[in-house]
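Beneath this line is the structure, given in structure tokens, with notes to follow.
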Amino acid sequence: MPRMRIEVLETAEDVARRAADIVCDALRAKADAVLGLPTGSTPLATYAELARRCDAGECDLSRATVFAIDEFIAPSRTTPGTNSAYYHAHLRIRPRALHCPDPAASNPDEHIAAYADALRRAGGFDLLLLGVGTNGHIAFNEPGSPRESRARVVTLAPETRAAYAAAFGGQAPERGMTLGVADLLEARRIVVLATGASKAAAVAAAVDGPATAAVPASWLREHDAVTWLLNREAAAALRANNASA
Ligand code: GLP
């Protein structure tokens with residue numbers, strides 16, 4: 001079975017710098033790379049660091065294409081809390097193109113299937129950054145998501161809705177659209193970001209436990225180019241022999 005690379009860094013800022021290094025290196029190797037960028041609070045420091053490097057001329061995202069990996073089903077792209085609104089607010093980098101599913105698509109099932117097709121036609125992810133939910137989700141593949149799951153409409157887990165309630169001003173949507181586990185695992189390289197004590201249990205289950213639908217992030221064990229970037233707190237529950245940095 002392929003072995004995942006685990007890098008344990010000191011702080012969340014170190015994780016952001018290391019993630020930015022990997023993105024910028026990927027773009028130096030392939031200027032028109034296709035990137036997958038997650039939402040959530042974890043990658044914000046990475047996006048700020050990438051913006052700083054782009055401003056300083058140290059990194060060039062201008063020819064890259066970005067695809068979001070999931071979205072809520074919500075009234076419009078400007079509804080606060082949606083991933084579209086998140087990218088608009090937080091992604092100061094300007095890629096050649098930024099694709100995000102439409103929260104208000106009239107037929108979300110068809111829409112997310114077409115979105116996954118568009119990603120495939122663009123060549124698929126060269127580099128996919130992922131976060132992980134406290135319940136072990138990746139994108140909106142909640143616990144119970146099989147290895148072979150494809151892009152689809154999902155019912156969001158109560159803990160996911162709770163995490164996003166404030167962003168939606170009280171109540172997060174009940175459903176979302178997500179690339180499936182199988183779609184994510186088609187990326188040529190995957191980097192998972194996790195920081196903070198609240199992620200320690202999910203990280204340990206994904207890295208040390210069996211590959212199981214109960215912990216969707218554990219399916220990453222079946223990919224042969226996955227790097228976990230963790231700070232000390234997120235790595236705290238790992239079996240010691242896994243930490244490689
Ligand atoms: C969300 C998103 C994921 C994200 C994860 C972790 O629900 N759909 O893409 O990676 O949860 O979020 P956070 O970084 O805020 O903990």
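By convention in this document, the chains of the structure tokens carry letters A, B, ... by their order, each chain's residues are numbered from 1, and ligands are numbered from 1 in the order they are shown.
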TODO: Could you please extract the residues within 8 Å of ligand 1, counting only C-alpha atoms and all ligand atoms, and hand them back as a PyMOL selection string?
DONE: chain A and resi 38-43+69-71+130-134+137-140+160+163-164+194+199
Write the residues you've just listed into a file as an mmCIF file, in the first residue's frame, and include N, CA and C atoms for each of them.
data_model
loop_
_atom_site.group_PDB
_atom_site.id
_atom_site.type_symbol
_atom_site.label_atom_id
_atom_site.label_comp_id
_atom_site.auth_asym_id
_atom_site.auth_seq_id
_atom_site.Cartn_x
_atom_site.Cartn_y
_atom_site.Cartn_z
ATOM 1 N N PRO A 38 -9.461 24.298 -1.458
ATOM 2 C CA PRO A 38 -10.593 24.154 -0.540
ATOM 3 C C PRO A 38 -10.981 25.471 0.101
ATOM 4 N N THR A 39 -12.126 25.477 0.755
ATOM 5 C CA THR A 39 -12.527 26.634 1.554
ATOM 6 C C THR A 39 -12.275 26.299 3.019
ATOM 7 N N GLY A 40 -12.948 26.969 3.933
ATOM 8 C CA GLY A 40 -12.726 26.728 5.358
ATOM 9 C C GLY A 40 -11.697 27.688 5.922
ATOM 10 N N SER A 41 -11.517 27.613 7.222
ATOM 11 C CA SER A 41 -10.590 28.550 7.860
ATOM 12 C C SER A 41 -9.140 28.107 7.728
ATOM 13 N N THR A 42 -8.889 26.802 7.620
ATOM 14 C CA THR A 42 -7.503 26.318 7.584
ATOM 15 C C THR A 42 -6.678 26.939 6.459
ATOM 16 N N PRO A 43 -7.156 26.966 5.210
ATOM 17 C CA PRO A 43 -6.292 27.449 4.130
ATOM 18 C C PRO A 43 -6.153 28.969 4.035
ATOM 19 N N ILE A 69 -13.883 22.561 -4.871
ATOM 20 C CA ILE A 69 -14.157 21.129 -4.737
ATOM 21 C C ILE A 69 -15.572 20.833 -4.218
ATOM 22 N N ASP A 70 -16.241 21.866 -3.761
ATOM 23 C CA ASP A 70 -17.604 21.663 -3.258
ATOM 24 C C ASP A 70 -18.317 23.013 -3.159
ATOM 25 N N GLU A 71 -19.593 22.972 -2.870
ATOM 26 C CA GLU A 71 -20.373 24.210 -2.683
ATOM 27 C C GLU A 71 -21.665 23.861 -1.952
ATOM 28 N N LEU A 130 -6.370 20.041 0.144
ATOM 29 C CA LEU A 130 -7.575 19.644 0.859
ATOM 30 C C LEU A 130 -7.483 20.064 2.313
ATOM 31 N N GLY A 131 -8.623 20.348 2.915
ATOM 32 C CA GLY A 131 -8.714 20.433 4.359
ATOM 33 C C GLY A 131 -9.403 19.159 4.828
ATOM 34 N N VAL A 132 -9.560 19.021 6.116
ATOM 35 C CA VAL A 132 -10.274 17.854 6.637
ATOM 36 C C VAL A 132 -11.229 18.334 7.717
ATOM 37 N N GLY A 133 -12.446 17.818 7.693
ATOM 38 C CA GLY A 133 -13.421 18.190 8.722
ATOM 39 C C GLY A 133 -13.110 17.497 10.041
ATOM 40 N N THR A 134 -13.663 18.005 11.121
ATOM 41 C CA THR A 134 -13.446 17.339 12.419
ATOM 42 C C THR A 134 -14.046 15.931 12.402
ATOM 43 N N HIS A 137 -14.332 14.456 7.123
ATOM 44 C CA HIS A 137 -14.783 14.652 5.739
ATOM 45 C C HIS A 137 -13.698 15.306 4.894
ATOM 46 N N ILE A 138 -13.758 15.038 3.598
ATOM 47 C CA ILE A 138 -12.933 15.768 2.628
ATOM 48 C C ILE A 138 -13.883 16.317 1.571
ATOM 49 N N ALA A 139 -13.677 17.581 1.193
ATOM 50 C CA ALA A 139 -14.705 18.329 0.458
ATOM 51 C C ALA A 139 -16.014 18.128 1.236
ATOM 52 N N PHE A 140 -17.129 17.820 0.566
ATOM 53 C CA PHE A 140 -18.343 17.525 1.334
ATOM 54 C C PHE A 140 -18.637 16.023 1.305
ATOM 55 N N THR A 160 -21.005 19.646 10.312
ATOM 56 C CA THR A 160 -20.603 20.536 9.223
ATOM 57 C C THR A 160 -21.516 21.765 9.207
ATOM 58 N N ALA A 163 -20.646 24.053 12.020
ATOM 59 C CA ALA A 163 -19.406 24.813 11.790
ATOM 60 C C ALA A 163 -19.665 26.028 10.894
ATOM 61 N N TYR A 164 -20.670 25.920 10.020
ATOM 62 C CA TYR A 164 -20.936 26.998 9.052
ATOM 63 C C TYR A 164 -22.137 27.869 9.418
ATOM 64 N N ALA A 194 -3.954 20.497 7.837
ATOM 65 C CA ALA A 194 -4.735 20.399 9.079
ATOM 66 C C ALA A 194 -3.957 21.069 10.196
ATOM 67 N N LYS A 199 -8.535 19.068 15.066
ATOM 68 C CA LYS A 199 -8.366 18.138 13.939
ATOM 69 C C LYS A 199 -7.573 16.890 14.315
#
Open item on the list: as number ranges by chain, please: every residue in region 7-236 of chain A that a backbone DSSP assignment puts in helix (DSSP H, G or I).
Closed with: A: 12-29, 44-55, 83-90, 108-121, 158-164, 166-168, 181-185, 197-208, 216-222
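Using only C-alpha atoms, the nearest neighbour of Glu222 (chain A) within the list A:Glu159, A:Asp32, A:Glu148, A:Ala234 is A:Glu148.
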Could you give me, as a Markdown table, every region 145-199 of chain A residue with an atom at most 7 Å from region 105-122 of chain A, plus its closest atom pair and distance in Å to one decimal, counting only C-alpha atoms, rows ordered by chain then number?
| residue | atom | partner | partner_atom | distance |
| --- | --- | --- | --- | --- |
| A:Ala151 | CA | A:Ala113 | CA | 5.7 |
| A:Arg152 | CA | A:Asp109 | CA | 6.0 |
| A:Val153 | CA | A:Asp109 | CA | 5.8 |
| A:Met177 | CA | A:Ile112 | CA | 6.3 |
| A:Leu179 | CA | A:Ala116 | CA | 6.7 |
Take the residues just selected and output them with N, CA, C and O atoms as a PDB file, in the first residue's frame.
ATOM      1  N   ALA A 151     -19.063  12.863  -8.106  1.00  0.00           N
ATOM      2  CA  ALA A 151     -19.679  14.173  -7.867  1.00  0.00           C
ATOM      3  C   ALA A 151     -21.180  14.002  -7.692  1.00  0.00           C
ATOM      4  O   ALA A 151     -21.833  13.308  -8.478  1.00  0.00           O
ATOM      5  N   ARG A 152     -21.710  14.656  -6.660  1.00  0.00           N
ATOM      6  CA  ARG A 152     -23.122  14.430  -6.349  1.00  0.00           C
ATOM      7  C   ARG A 152     -23.638  15.463  -5.354  1.00  0.00           C
ATOM      8  O   ARG A 152     -22.851  16.188  -4.740  1.00  0.00           O
ATOM      9  N   VAL A 153     -24.943  15.447  -5.175  1.00  0.00           N
ATOM     10  CA  VAL A 153     -25.581  16.263  -4.134  1.00  0.00           C
ATOM     11  C   VAL A 153     -25.548  15.461  -2.834  1.00  0.00           C
ATOM     12  O   VAL A 153     -25.775  14.249  -2.837  1.00  0.00           O
ATOM     13  N   MET A 177     -23.135  20.355  -2.806  1.00  0.00           N
ATOM     14  CA  MET A 177     -22.664  19.596  -3.973  1.00  0.00           C
ATOM     15  C   MET A 177     -21.181  19.362  -3.767  1.00  0.00           C
ATOM     16  O   MET A 177     -20.478  20.249  -3.278  1.00  0.00           O
ATOM     17  N   LEU A 179     -17.417  17.223  -5.280  1.00  0.00           N
ATOM     18  CA  LEU A 179     -16.703  16.206  -6.039  1.00  0.00           C
ATOM     19  C   LEU A 179     -16.652  14.971  -5.149  1.00  0.00           C
ATOM     20  O   LEU A 179     -16.573  15.088  -3.921  1.00  0.00           O
TER      21      LEU A 179
END
Open item on the list: I want to know what sits within 7 Å of region 214-218 of chain A, based on only C-alpha atoms, with residues of the same chain fewer than 6 positions away left out; could you give that as an MDAnalysis selection string?
Closed with: chainID A and resid 132 136:138 141:145 206:207
Task: Shell of 10 Å around Cys59 (chain A), only C-alpha atoms, local chain residues under 4 positions omitted, as a ChimeraX atom specification - done: /A:20-21,23-25,27-28,31,50-55
TODO: Tell me, as a list in words, which residues lie within 9 Å of Tyr87 (chain A), counting only C-alpha atoms; anything in the same chain fewer than 4 positions away does not count.
DONE: Thr39, Ala68, Thr82, Asn83, Leu91, Arg92, Leu98 and Cys100 of chain A
- [ ] Apply DSSP to the backbone of this structure and, from region 13-236 of chain A, keep only the residues in strand (DSSP E or B); write these as a PyMOL selection string.
- [x] chain A and resi 34-36+65-67+70-72+97-99+127-130+138+141+152-155+175-178+190-194+212+215+226-231
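Close contacts of Gly170 (chain A), defined as residues with an atom at most 12 Å away when counting only C-alpha atoms, with chain neighbours fewer than 5 positions off set aside, comprise Pro80, Gly81, Arg161, Ala162, Ala163, Tyr164 and Ala165 of chain A.
Compared by their closest atoms to Thr46 (chain A), and using only C-alpha atoms, the residues A:Ala16, A:Ala225, A:Ala64, A:Ala202 rank with A:Ala16 nearest.
Taking CA of Ala45 (chain A) and CA of Val203 (chain A) as the two end points, the separation is 19.4 Å.
As for CA of Gln171 (chain A) and CA of Ser198 (chain A), they are spaced 21.7 Å apart.
Among the candidate residues A:Asp224, A:Asp208, A:Leu127, A:Thr195, the one lying nearest to Leu238 (chain A) is A:Asp208, with distances computed using only C-alpha atoms.
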